[in-house]
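For reference, the structure is listed below as structure tokens.
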There are 2 protein chains.
Amino acid sequence: MKEKRTGRPREFDRDEALSAAMHVFWKQGYDGASMKDLTAAMNISGPSLYGVFGDKRQLFMEAIDFYANRKACKPLEVFETEPDIETAVRKFFYEVVEYSTMSISGAKGCFLSSCVATVSGELVGVEALLKRAIFDTDERLARRFELEKARGVLPDTFPSKIRARLMFDLRQGLVFRARAGIEPKYLLADIESNVGIILG
Amino acid sequence: MKEKRTGRPREFDRDEALSAAMHVFWKQGYDGASMKDLTAAMNISGPSLYGVFGDKRQLFMEAIDFYANRKACKPLEVFETEPDIETAVRKFFYEVVEYSTMSISGAKGCFLSSCVATVSGELVGVEALLKRAIFDTDERLARRFELEKARGVLPDTFPSKIRARLMFDLRQGLVFRARAGIEPKYLLADIESNVGIILG
DNA sequence: ATGGTTATATATCGATCGATACAAAACACG
DNA sequence: CGTGTTTTGTATCGATCGATATATAACCAT
């Protein structure tokens with residue numbers, strides 16, 4: 001069903017191009033990223049971009065989906081896979097600092113908060129995607145806490161939803177500081193305190 | 001020294017125009033705000049804008065200074081003036097929700113995190129202003145806590161710096177959600193929990 | 001091979017971008 | 001008044017914006 005048999009084959013990988021586009025948006029913002037910047041980073045021509053992704057807005061929306069649902073935010077993945085809950089929380093924040101200050105593309109901060117949020121009310125469809133991404137993140141964080149409660153590691157009284165949101169907010173603080181160019185070492189210094197707040 | 005005696009007098013108020021420009025940037029982002037949008041909102045002509053503010057980037061930098069050092073972020077003002085510390089913390093978060101969701105200009109979220117941060121690494125000079133604004137905010141928050149410790153209202157062991165940063169981060173979470181279009185009532189529901197975390 | 005189909009590269013579209021040239025207008029000072 | 005100075009409104013600049021028209025190239029089916 002998804003294989004096309006006719007026509008000239010595409011000469012680039014769709015996801016690679018999408019990832020490249022996302023990083024350009026991440027670094028320069030939606031309006032700050034020109035089609036010239038995008039096609040250069042994606043290593044494709046203008047017509048190829050339009051042929052595959054539609055237009056700039058649709059490309060952006062796909063980049064959001066790519067980030068939220070496929071690229072899988074690294075901190076979140078680590079938090080879900082690390083067995084020990086305290087280590088999981090610690091690694092979560094560590095990954096947040098890592099990916100928001102040391103990205104290869106030079107893009108600092110978080111794609112959602114430093115790029116997508118800016119055009120949330122201006123570009124049709126973006127607000128809904130952003131809302132969903134926030135909701136899903138809260139859900140995934142809370143789910144892990146609930147799992148630990150069921151396992152008896154966290155007390156039954158542990159307020160999973162509240163701590164999940166708290167964790168999300170602390171993350172926002174970190175990525176905002178990262179975007180402002182504050183050195184990783186200062187952000188790393190906050191991590192242990194953050195862990196204590198989440199689990200304490 | 002600051003009075004000019006010759007030439008045709010300016011027909012608009014500089015600060016009013018600056019405030020109007022800030023709100024346009026706030027809502028549409030730096031790159032998303034065209035000079036046409038700006039002059040329309042400021043109710044002045046193009047040459048007038050360039051004559052008084054230099055160029056778009058300088059206007060933006062002045063808008064940042066206006067926000068950080070003169071307009072005085074409302075939540076911060078309230079936090080510093082309310083006598084009772086618990087009420088001050090509560091009002092701080094309440095004001096954050098208020099001004100990040102119900103702005104007359106339609107701009108949601110926080111000017112610094114939803115607009116300025118996006119171009120932090122792209123526009124010369126912005127990163128330094130942003131760093132300074134973050135540092136100053138942390139300082140002002142911590143200072144109030146220290147004051148309450150000296151007054152004996154907060155215990156000597158109260159970690160002012162850590163709680164100040166925590167308050168800042170919780171604020172980032174709120175304004176990010178606000179920018180995403182999440183209803184004020186959901187944000188208001190988080191306030192009491194936030195107060196408990198800060199002072200508990 | 002031939003026809004159908006899709007992707008590519010080149011070249012460029014009209015619109016809008018940020019920024020100015022210019023001259024008339026409005027003040028202070030003589 | 002006339003002169004100098006600054007702001008204003010109009011009109012427009014070259015550059016860049018997002019987006020396409022066109023023709024060629026590369027594949028599949030027959």
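Ligands are numbered from 1 in the order shown, chains are lettered A, B, ... in the order of the structure tokens, and residues start at 1 in each chain.
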
Determine which residues of chain B sit within 12 Å of chain C, taking into account only C-alpha atoms (C1' of nucleotides), and present them as a list of chain:residue names. B:Lys4, B:Arg5, B:Thr6, B:Gly7, B:Arg8, B:Pro9, B:Arg10, B:Glu11, B:Asp31, B:Gly32, B:Ala33, B:Ser34, B:Met35, B:Lys36, B:Asp37, B:Leu38, B:Gly46, B:Pro47, B:Ser48, B:Leu49, B:Tyr50, B:Gly51, B:Gly54, B:Asp55, B:Lys56, B:Arg57

Determine, counting only C-alpha atoms (C1' of nucleotides), which protein, DNA and RNA residues have an atom within 9 Å of an atom of stretch 106-118 of chain A; residues of the same chain fewer than 6 positions away are not included. Present the result as number ranges by chain. A: 22-30, 60, 64, 67-68, 96-97, 99-100, 126-127, 130, 133, 172, 174-181; B: 26-29, 109, 113-115, 117-119, 121, 176-177, 179-180

If we count only C-alpha atoms (C1' of nucleotides), which residues of chain D reach to within 6 Å of chain A? Please list them as a PyMOL selection string. chain D and resi 26-28

Return chain B as a PDB file with C-alpha atoms, in the first residue's frame, after superposing it on chain A by a least-squares fit that covers all C-alpha atoms paired in order.
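This went into superposed_8.pdb:
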ATOM      1  CA  MET B   1      -0.117   0.234  -0.225  1.00  0.00           C
ATOM      2  CA  LYS B   2       2.757   2.557   0.567  1.00  0.00           C
ATOM      3  CA  GLU B   3       5.016   1.573  -2.312  1.00  0.00           C
ATOM      4  CA  LYS B   4       4.890   3.686  -5.415  1.00  0.00           C
ATOM      5  CA  ARG B   5       5.883   1.927  -8.576  1.00  0.00           C
ATOM      6  CA  THR B   6       6.034   4.656 -11.179  1.00  0.00           C
ATOM      7  CA  GLY B   7       8.047   7.793 -11.636  1.00  0.00           C
ATOM      8  CA  ARG B   8      11.540   8.900 -10.825  1.00  0.00           C
ATOM      9  CA  PRO B   9      12.615   7.742  -7.360  1.00  0.00           C
ATOM     10  CA  ARG B  10      13.249  10.336  -4.646  1.00  0.00           C
ATOM     11  CA  GLU B  11      16.930  10.977  -4.091  1.00  0.00           C
ATOM     12  CA  PHE B  12      16.814  11.909  -0.423  1.00  0.00           C
ATOM     13  CA  ASP B  13      15.535  10.401   2.818  1.00  0.00           C
ATOM     14  CA  ARG B  14      12.339  12.038   3.964  1.00  0.00           C
ATOM     15  CA  ASP B  15      13.016  11.754   7.694  1.00  0.00           C
ATOM     16  CA  GLU B  16      16.566  12.965   7.374  1.00  0.00           C
ATOM     17  CA  ALA B  17      15.381  16.023   5.515  1.00  0.00           C
ATOM     18  CA  LEU B  18      12.639  16.556   8.077  1.00  0.00           C
ATOM     19  CA  SER B  19      15.111  16.326  10.929  1.00  0.00           C
ATOM     20  CA  ALA B  20      17.386  18.830   9.245  1.00  0.00           C
ATOM     21  CA  ALA B  21      14.475  21.207   8.767  1.00  0.00           C
ATOM     22  CA  MET B  22      13.475  20.851  12.406  1.00  0.00           C
ATOM     23  CA  HIS B  23      16.932  21.840  13.558  1.00  0.00           C
ATOM     24  CA  VAL B  24      16.888  24.925  11.357  1.00  0.00           C
ATOM     25  CA  PHE B  25      13.521  25.944  12.812  1.00  0.00           C
ATOM     26  CA  TRP B  26      14.823  25.140  16.275  1.00  0.00           C
ATOM     27  CA  LYS B  27      17.808  27.419  15.891  1.00  0.00           C
ATOM     28  CA  GLN B  28      16.322  30.285  13.898  1.00  0.00           C
ATOM     29  CA  GLY B  29      12.625  30.162  14.672  1.00  0.00           C
ATOM     30  CA  TYR B  30       9.812  29.710  12.163  1.00  0.00           C
ATOM     31  CA  ASP B  31       9.902  33.170  10.620  1.00  0.00           C
ATOM     32  CA  GLY B  32      13.660  33.408  10.975  1.00  0.00           C
ATOM     33  CA  ALA B  33      14.158  30.282   8.879  1.00  0.00           C
ATOM     34  CA  SER B  34      13.965  31.082   5.167  1.00  0.00           C
ATOM     35  CA  MET B  35      13.202  28.507   2.515  1.00  0.00           C
ATOM     36  CA  LYS B  36      16.756  29.069   1.341  1.00  0.00           C
ATOM     37  CA  ASP B  37      18.099  28.165   4.790  1.00  0.00           C
ATOM     38  CA  LEU B  38      15.858  25.122   4.888  1.00  0.00           C
ATOM     39  CA  THR B  39      16.636  23.734   1.441  1.00  0.00           C
ATOM     40  CA  ALA B  40      20.347  24.268   2.068  1.00  0.00           C
ATOM     41  CA  ALA B  41      20.255  22.340   5.352  1.00  0.00           C
ATOM     42  CA  MET B  42      18.019  19.635   3.924  1.00  0.00           C
ATOM     43  CA  ASN B  43      20.254  19.434   0.867  1.00  0.00           C
ATOM     44  CA  ILE B  44      17.340  19.461  -1.551  1.00  0.00           C
ATOM     45  CA  SER B  45      15.981  21.939  -4.056  1.00  0.00           C
ATOM     46  CA  GLY B  46      12.995  24.211  -3.603  1.00  0.00           C
ATOM     47  CA  PRO B  47      10.613  22.288  -5.846  1.00  0.00           C
ATOM     48  CA  SER B  48      11.610  19.030  -4.125  1.00  0.00           C
ATOM     49  CA  LEU B  49      10.707  20.517  -0.760  1.00  0.00           C
ATOM     50  CA  TYR B  50       7.342  21.773  -1.973  1.00  0.00           C
ATOM     51  CA  GLY B  51       6.652  18.532  -3.777  1.00  0.00           C
ATOM     52  CA  VAL B  52       7.176  16.419  -0.700  1.00  0.00           C
ATOM     53  CA  PHE B  53       6.098  18.635   2.185  1.00  0.00           C
ATOM     54  CA  GLY B  54       3.572  21.013   0.631  1.00  0.00           C
ATOM     55  CA  ASP B  55       4.589  24.423   1.918  1.00  0.00           C
ATOM     56  CA  LYS B  56       6.528  26.002   4.766  1.00  0.00           C
ATOM     57  CA  ARG B  57       3.727  25.734   7.280  1.00  0.00           C
ATOM     58  CA  GLN B  58       3.055  22.070   6.552  1.00  0.00           C
ATOM     59  CA  LEU B  59       6.755  21.333   6.801  1.00  0.00           C
ATOM     60  CA  PHE B  60       6.783  23.025  10.196  1.00  0.00           C
ATOM     61  CA  MET B  61       3.786  21.031  11.400  1.00  0.00           C
ATOM     62  CA  GLU B  62       5.468  17.825  10.307  1.00  0.00           C
ATOM     63  CA  ALA B  63       8.593  18.884  12.162  1.00  0.00           C
ATOM     64  CA  ILE B  64       6.526  19.316  15.325  1.00  0.00           C
ATOM     65  CA  ASP B  65       5.011  15.873  14.897  1.00  0.00           C
ATOM     66  CA  PHE B  66       8.456  14.460  14.207  1.00  0.00           C
ATOM     67  CA  TYR B  67       9.762  15.929  17.452  1.00  0.00           C
ATOM     68  CA  ALA B  68       6.789  15.007  19.595  1.00  0.00           C
ATOM     69  CA  ASN B  69       5.883  11.603  18.272  1.00  0.00           C
ATOM     70  CA  ARG B  70       8.824  10.058  16.517  1.00  0.00           C
ATOM     71  CA  LYS B  71      12.165  11.555  17.354  1.00  0.00           C
ATOM     72  CA  ALA B  72      11.031  11.046  20.888  1.00  0.00           C
ATOM     73  CA  CYS B  73      12.381  13.671  23.215  1.00  0.00           C
ATOM     74  CA  LYS B  74      15.542  12.098  24.640  1.00  0.00           C
ATOM     75  CA  PRO B  75      15.031  13.142  28.290  1.00  0.00           C
ATOM     76  CA  LEU B  76      11.585  11.559  28.287  1.00  0.00           C
ATOM     77  CA  GLU B  77      12.906   8.327  26.800  1.00  0.00           C
ATOM     78  CA  VAL B  78      15.629   8.106  29.400  1.00  0.00           C
ATOM     79  CA  PHE B  79      13.154   8.800  32.186  1.00  0.00           C
ATOM     80  CA  GLU B  80      10.955   5.950  31.037  1.00  0.00           C
ATOM     81  CA  THR B  81      13.681   3.372  30.550  1.00  0.00           C
ATOM     82  CA  GLU B  82      16.002   3.860  33.528  1.00  0.00           C
ATOM     83  CA  PRO B  83      14.935   1.268  36.151  1.00  0.00           C
ATOM     84  CA  ASP B  84      15.726   3.213  39.342  1.00  0.00           C
ATOM     85  CA  ILE B  85      13.301   6.091  39.783  1.00  0.00           C
ATOM     86  CA  GLU B  86      15.708   8.501  41.471  1.00  0.00           C
ATOM     87  CA  THR B  87      18.314   7.849  38.813  1.00  0.00           C
ATOM     88  CA  ALA B  88      15.602   8.265  36.188  1.00  0.00           C
ATOM     89  CA  VAL B  89      14.677  11.695  37.490  1.00  0.00           C
ATOM     90  CA  ARG B  90      18.314  12.709  37.676  1.00  0.00           C
ATOM     91  CA  LYS B  91      19.059  11.466  34.176  1.00  0.00           C
ATOM     92  CA  PHE B  92      15.960  13.254  32.894  1.00  0.00           C
ATOM     93  CA  PHE B  93      17.264  16.628  34.008  1.00  0.00           C
ATOM     94  CA  TYR B  94      20.770  15.784  32.921  1.00  0.00           C
ATOM     95  CA  GLU B  95      19.546  14.986  29.441  1.00  0.00           C
ATOM     96  CA  VAL B  96      17.535  18.198  29.373  1.00  0.00           C
ATOM     97  CA  VAL B  97      20.698  20.187  30.035  1.00  0.00           C
ATOM     98  CA  GLU B  98      22.657  18.093  27.576  1.00  0.00           C
ATOM     99  CA  TYR B  99      20.358  18.449  24.591  1.00  0.00           C
ATOM    100  CA  SER B 100      19.435  22.047  25.284  1.00  0.00           C
ATOM    101  CA  THR B 101      23.004  23.327  25.500  1.00  0.00           C
ATOM    102  CA  MET B 102      25.176  20.992  23.455  1.00  0.00           C
ATOM    103  CA  SER B 103      23.210  20.310  20.294  1.00  0.00           C
ATOM    104  CA  ILE B 104      25.334  19.632  17.228  1.00  0.00           C
ATOM    105  CA  SER B 105      23.180  21.940  15.143  1.00  0.00           C
ATOM    106  CA  GLY B 106      23.881  24.817  17.512  1.00  0.00           C
ATOM    107  CA  ALA B 107      20.209  25.107  18.418  1.00  0.00           C
ATOM    108  CA  LYS B 108      19.840  25.815  22.107  1.00  0.00           C
ATOM    109  CA  GLY B 109      16.843  25.379  24.374  1.00  0.00           C
ATOM    110  CA  CYS B 110      13.815  23.281  23.566  1.00  0.00           C
ATOM    111  CA  PHE B 111      12.211  23.083  20.135  1.00  0.00           C
ATOM    112  CA  LEU B 112       8.713  23.336  21.550  1.00  0.00           C
ATOM    113  CA  SER B 113       9.262  26.174  23.996  1.00  0.00           C
ATOM    114  CA  SER B 114      11.854  28.228  22.122  1.00  0.00           C
ATOM    115  CA  CYS B 115      10.491  27.900  18.610  1.00  0.00           C
ATOM    116  CA  VAL B 116       7.037  26.391  18.320  1.00  0.00           C
ATOM    117  CA  ALA B 117       5.532  28.344  21.206  1.00  0.00           C
ATOM    118  CA  THR B 118       6.509  31.642  19.587  1.00  0.00           C
ATOM    119  CA  VAL B 119       4.177  31.105  16.633  1.00  0.00           C
ATOM    120  CA  SER B 120       1.550  29.180  18.588  1.00  0.00           C
ATOM    121  CA  GLY B 121      -1.179  31.760  18.142  1.00  0.00           C
ATOM    122  CA  GLU B 122      -0.099  32.928  14.700  1.00  0.00           C
ATOM    123  CA  LEU B 123       0.103  29.791  12.593  1.00  0.00           C
ATOM    124  CA  VAL B 124      -3.066  27.785  12.077  1.00  0.00           C
ATOM    125  CA  GLY B 125      -2.886  24.344  13.626  1.00  0.00           C
ATOM    126  CA  VAL B 126       0.228  24.848  15.723  1.00  0.00           C
ATOM    127  CA  GLU B 127      -1.561  25.583  18.972  1.00  0.00           C
ATOM    128  CA  ALA B 128      -3.416  22.273  18.881  1.00  0.00           C
ATOM    129  CA  LEU B 129      -0.210  20.321  18.273  1.00  0.00           C
ATOM    130  CA  LEU B 130       1.522  22.136  21.095  1.00  0.00           C
ATOM    131  CA  LYS B 131      -1.316  21.515  23.537  1.00  0.00           C
ATOM    132  CA  ARG B 132      -1.286  17.867  22.671  1.00  0.00           C
ATOM    133  CA  ALA B 133       2.478  17.612  23.123  1.00  0.00           C
ATOM    134  CA  ILE B 134       2.255  19.204  26.567  1.00  0.00           C
ATOM    135  CA  PHE B 135      -0.612  16.962  27.598  1.00  0.00           C
ATOM    136  CA  ASP B 136       1.189  13.840  26.391  1.00  0.00           C
ATOM    137  CA  THR B 137       4.379  14.758  28.192  1.00  0.00           C
ATOM    138  CA  ASP B 138       2.546  15.278  31.469  1.00  0.00           C
ATOM    139  CA  GLU B 139       0.836  11.944  30.966  1.00  0.00           C
ATOM    140  CA  ARG B 140       4.036  10.060  30.315  1.00  0.00           C
ATOM    141  CA  LEU B 141       5.787  11.561  33.298  1.00  0.00           C
ATOM    142  CA  ALA B 142       2.864  10.834  35.616  1.00  0.00           C
ATOM    143  CA  ARG B 143       2.553   7.294  34.299  1.00  0.00           C
ATOM    144  CA  ARG B 144       6.062   6.437  35.396  1.00  0.00           C
ATOM    145  CA  PHE B 145       5.355   7.733  38.889  1.00  0.00           C
ATOM    146  CA  GLU B 146       2.164   5.688  39.041  1.00  0.00           C
ATOM    147  CA  LEU B 147       4.138   2.642  37.991  1.00  0.00           C
ATOM    148  CA  GLU B 148       6.574   3.148  40.835  1.00  0.00           C
ATOM    149  CA  LYS B 149       3.670   3.538  43.259  1.00  0.00           C
ATOM    150  CA  ALA B 150       2.207   0.234  42.094  1.00  0.00           C
ATOM    151  CA  ARG B 151       5.633  -1.343  42.574  1.00  0.00           C
ATOM    152  CA  GLY B 152       5.752   0.026  46.097  1.00  0.00           C
ATOM    153  CA  VAL B 153       8.827   2.135  45.443  1.00  0.00           C
ATOM    154  CA  LEU B 154       6.962   5.407  45.832  1.00  0.00           C
ATOM    155  CA  PRO B 155       4.406   5.844  48.644  1.00  0.00           C
ATOM    156  CA  ASP B 156       0.695   5.602  47.833  1.00  0.00           C
ATOM    157  CA  THR B 157       0.344   9.254  48.765  1.00  0.00           C
ATOM    158  CA  PHE B 158       2.796  10.403  46.079  1.00  0.00           C
ATOM    159  CA  PRO B 159       0.987  13.050  43.995  1.00  0.00           C
ATOM    160  CA  SER B 160       1.963  11.832  40.536  1.00  0.00           C
ATOM    161  CA  LYS B 161       0.117  14.436  38.505  1.00  0.00           C
ATOM    162  CA  ILE B 162       1.405  17.347  40.531  1.00  0.00           C
ATOM    163  CA  ARG B 163       4.976  16.098  40.488  1.00  0.00           C
ATOM    164  CA  ALA B 164       4.770  15.408  36.782  1.00  0.00           C
ATOM    165  CA  ARG B 165       3.737  18.979  36.148  1.00  0.00           C
ATOM    166  CA  LEU B 166       6.409  20.184  38.523  1.00  0.00           C
ATOM    167  CA  MET B 167       8.997  18.199  36.604  1.00  0.00           C
ATOM    168  CA  PHE B 168       7.722  19.692  33.386  1.00  0.00           C
ATOM    169  CA  ASP B 169       7.972  23.205  34.791  1.00  0.00           C
ATOM    170  CA  LEU B 170      11.480  22.715  36.138  1.00  0.00           C
ATOM    171  CA  ARG B 171      12.406  21.529  32.690  1.00  0.00           C
ATOM    172  CA  GLN B 172      11.004  24.718  31.179  1.00  0.00           C
ATOM    173  CA  GLY B 173      13.167  26.749  33.494  1.00  0.00           C
ATOM    174  CA  LEU B 174      16.267  24.845  32.421  1.00  0.00           C
ATOM    175  CA  VAL B 175      15.650  25.092  28.692  1.00  0.00           C
ATOM    176  CA  PHE B 176      14.805  28.777  28.957  1.00  0.00           C
ATOM    177  CA  ARG B 177      18.095  29.436  30.716  1.00  0.00           C
ATOM    178  CA  ALA B 178      19.842  27.304  28.128  1.00  0.00           C
ATOM    179  CA  ARG B 179      18.345  29.369  25.319  1.00  0.00           C
ATOM    180  CA  ALA B 180      19.553  32.493  27.061  1.00  0.00           C
ATOM    181  CA  GLY B 181      23.080  31.150  26.755  1.00  0.00           C
ATOM    182  CA  ILE B 182      23.655  30.317  30.399  1.00  0.00           C
ATOM    183  CA  GLU B 183      26.527  27.846  30.706  1.00  0.00           C
ATOM    184  CA  PRO B 184      25.707  24.138  31.178  1.00  0.00           C
ATOM    185  CA  LYS B 185      27.707  23.982  34.404  1.00  0.00           C
ATOM    186  CA  TYR B 186      25.294  26.390  36.075  1.00  0.00           C
ATOM    187  CA  LEU B 187      22.335  24.371  34.867  1.00  0.00           C
ATOM    188  CA  LEU B 188      23.900  21.101  35.984  1.00  0.00           C
ATOM    189  CA  ALA B 189      24.345  22.609  39.431  1.00  0.00           C
ATOM    190  CA  ASP B 190      20.560  22.805  39.761  1.00  0.00           C
ATOM    191  CA  ILE B 191      19.922  19.143  39.080  1.00  0.00           C
ATOM    192  CA  GLU B 192      20.365  17.642  42.540  1.00  0.00           C
ATOM    193  CA  SER B 193      18.085  20.244  44.035  1.00  0.00           C
ATOM    194  CA  ASN B 194      15.526  19.473  41.346  1.00  0.00           C
ATOM    195  CA  VAL B 195      15.692  15.744  42.087  1.00  0.00           C
ATOM    196  CA  GLY B 196      15.090  16.434  45.759  1.00  0.00           C
ATOM    197  CA  ILE B 197      12.088  18.603  44.988  1.00  0.00           C
ATOM    198  CA  ILE B 198      10.505  16.027  42.712  1.00  0.00           C
ATOM    199  CA  LEU B 199      10.962  12.999  44.962  1.00  0.00           C
ATOM    200  CA  GLY B 200      11.193  14.638  48.382  1.00  0.00           C
TER     201      GLY B 200
END
